[in-house]
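Trainee: One structure, pasted below without further comment.
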Amino acid sequence: MGVGAALWRSVAVYRFLALVYAGVLIAWNQDKYERPYAAWIVFAGMALWTGYATLAYGGGRRQPWPLLAADLLVAVAAVLATAWVETEFGIAQGRPTIPVAWVVAALLAWAVSGGRRLGLVAAGVIGAADLVLHALNASTPGPVTFGNIVLLVLTGLVVGHVVRMALDAEARLARAVEMEASTRERERLARDIHDSVLQVLAMVQRRGAEAGGEAAELGRLAGEQEAALRSLISGAPVPRPRPPAG
């Protein structure tokens, strides 16, 4: 499994765990909501999108723009739906939105697909949704809201940077493995060629010695070349060729 597939699997796991956390908070705070039933409607939509997104996102780094845009749109809609569920007092006090950390899954998807730049874009869109939520409630965003926006920006920046580093490292590792395999193949071919050449030179030396005359001189030269080639292979000093007799 490559880095890209591992990253998308991590996003899917985070999305599911964040969904469970949002459900726990809804169950815990439903008595404080203005419309508790609406919270569960929003949660059902989040659950459906979690299942679809888990299946829709592939293993490669780049994902189709319509899917990324839809993911971010669903996250923004879940944040704005808090105005339908939560009381005006709860929004003004900065209580968690209905999706809570679940919306970060869309940010992670953008950061994994496009690095720091898209991660920051997604963080800005989700942060703007938090500000619009307060505007719909006619309340002033407090330190909690601005703190959450800062965390979103930092998450998009850091995750996008880490993803880029991980993918670059994977690419460098793949190139190193490819070069090592190529080197081994060249060494294997060189050994095969050397063995064949040595056999031919040894045969020429033997046949030349048997034939005598000019063939013997050819055999002697073949023997010297055989010795030189064996020295190159073993790393031993290469013997100097003897001058021809006569």
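Ligands are numbered from 1 in the order shown, chains are lettered A, B, ... in the order of the structure tokens, and residues start at 1 in each chain.
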Based on the backbone DSSP call, show me all residues of stretch 10-205 of chain A assigned alpha helix (DSSP H), as a ChimeraX atom specification.

Mentor: /A:10-29,36-56,65-80,82-85,88-92,104-136,143-205

Trainee: Given only C-alpha atoms, how would the per-residue table for stretch 64-175 of chain A near stretch 34-37 of chain A read, listing every residue at most 12 Å away with its closest atom pair and distance in Å to one decimal, sorted by chain and number, as JSON lines?

Mentor:
```
{"residue": "A:Ala81", "atom": "CA", "partner": "A:Arg35", "partner_atom": "CA", "distance": 11.1}
{"residue": "A:Thr82", "atom": "CA", "partner": "A:Arg35", "partner_atom": "CA", "distance": 9.9}
{"residue": "A:Ala83", "atom": "CA", "partner": "A:Glu34", "partner_atom": "CA", "distance": 9.6}
{"residue": "A:Trp84", "atom": "CA", "partner": "A:Arg35", "partner_atom": "CA", "distance": 7.3}
{"residue": "A:Val85", "atom": "CA", "partner": "A:Arg35", "partner_atom": "CA", "distance": 5.0}
{"residue": "A:Glu86", "atom": "CA", "partner": "A:Glu34", "partner_atom": "CA", "distance": 5.4}
{"residue": "A:Thr87", "atom": "CA", "partner": "A:Glu34", "partner_atom": "CA", "distance": 5.1}
{"residue": "A:Glu88", "atom": "CA", "partner": "A:Glu34", "partner_atom": "CA", "distance": 8.7}
{"residue": "A:Phe89", "atom": "CA", "partner": "A:Glu34", "partner_atom": "CA", "distance": 10.0}
{"residue": "A:Gly90", "atom": "CA", "partner": "A:Glu34", "partner_atom": "CA", "distance": 9.4}
{"residue": "A:Ile91", "atom": "CA", "partner": "A:Glu34", "partner_atom": "CA", "distance": 11.1}
{"residue": "A:Ile98", "atom": "CA", "partner": "A:Pro36", "partner_atom": "CA", "distance": 10.7}
```

Trainee: For A:Val24, which residue among A:Leu68, A:Ala228, A:Val159, A:Val100 is the nearest when counting only C-alpha atoms?

Mentor: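 Of all the options, A:Val100 lies closest to A:Val24.
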
Trainee: Could you jot down the atom CA of A:Phe43 to atom CA of A:Trp8 separation for me, Å, one decimal place?

Mentor: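 Value for the atom CA of A:Phe43-atom CA of A:Trp8 distance: 22.3 Å.
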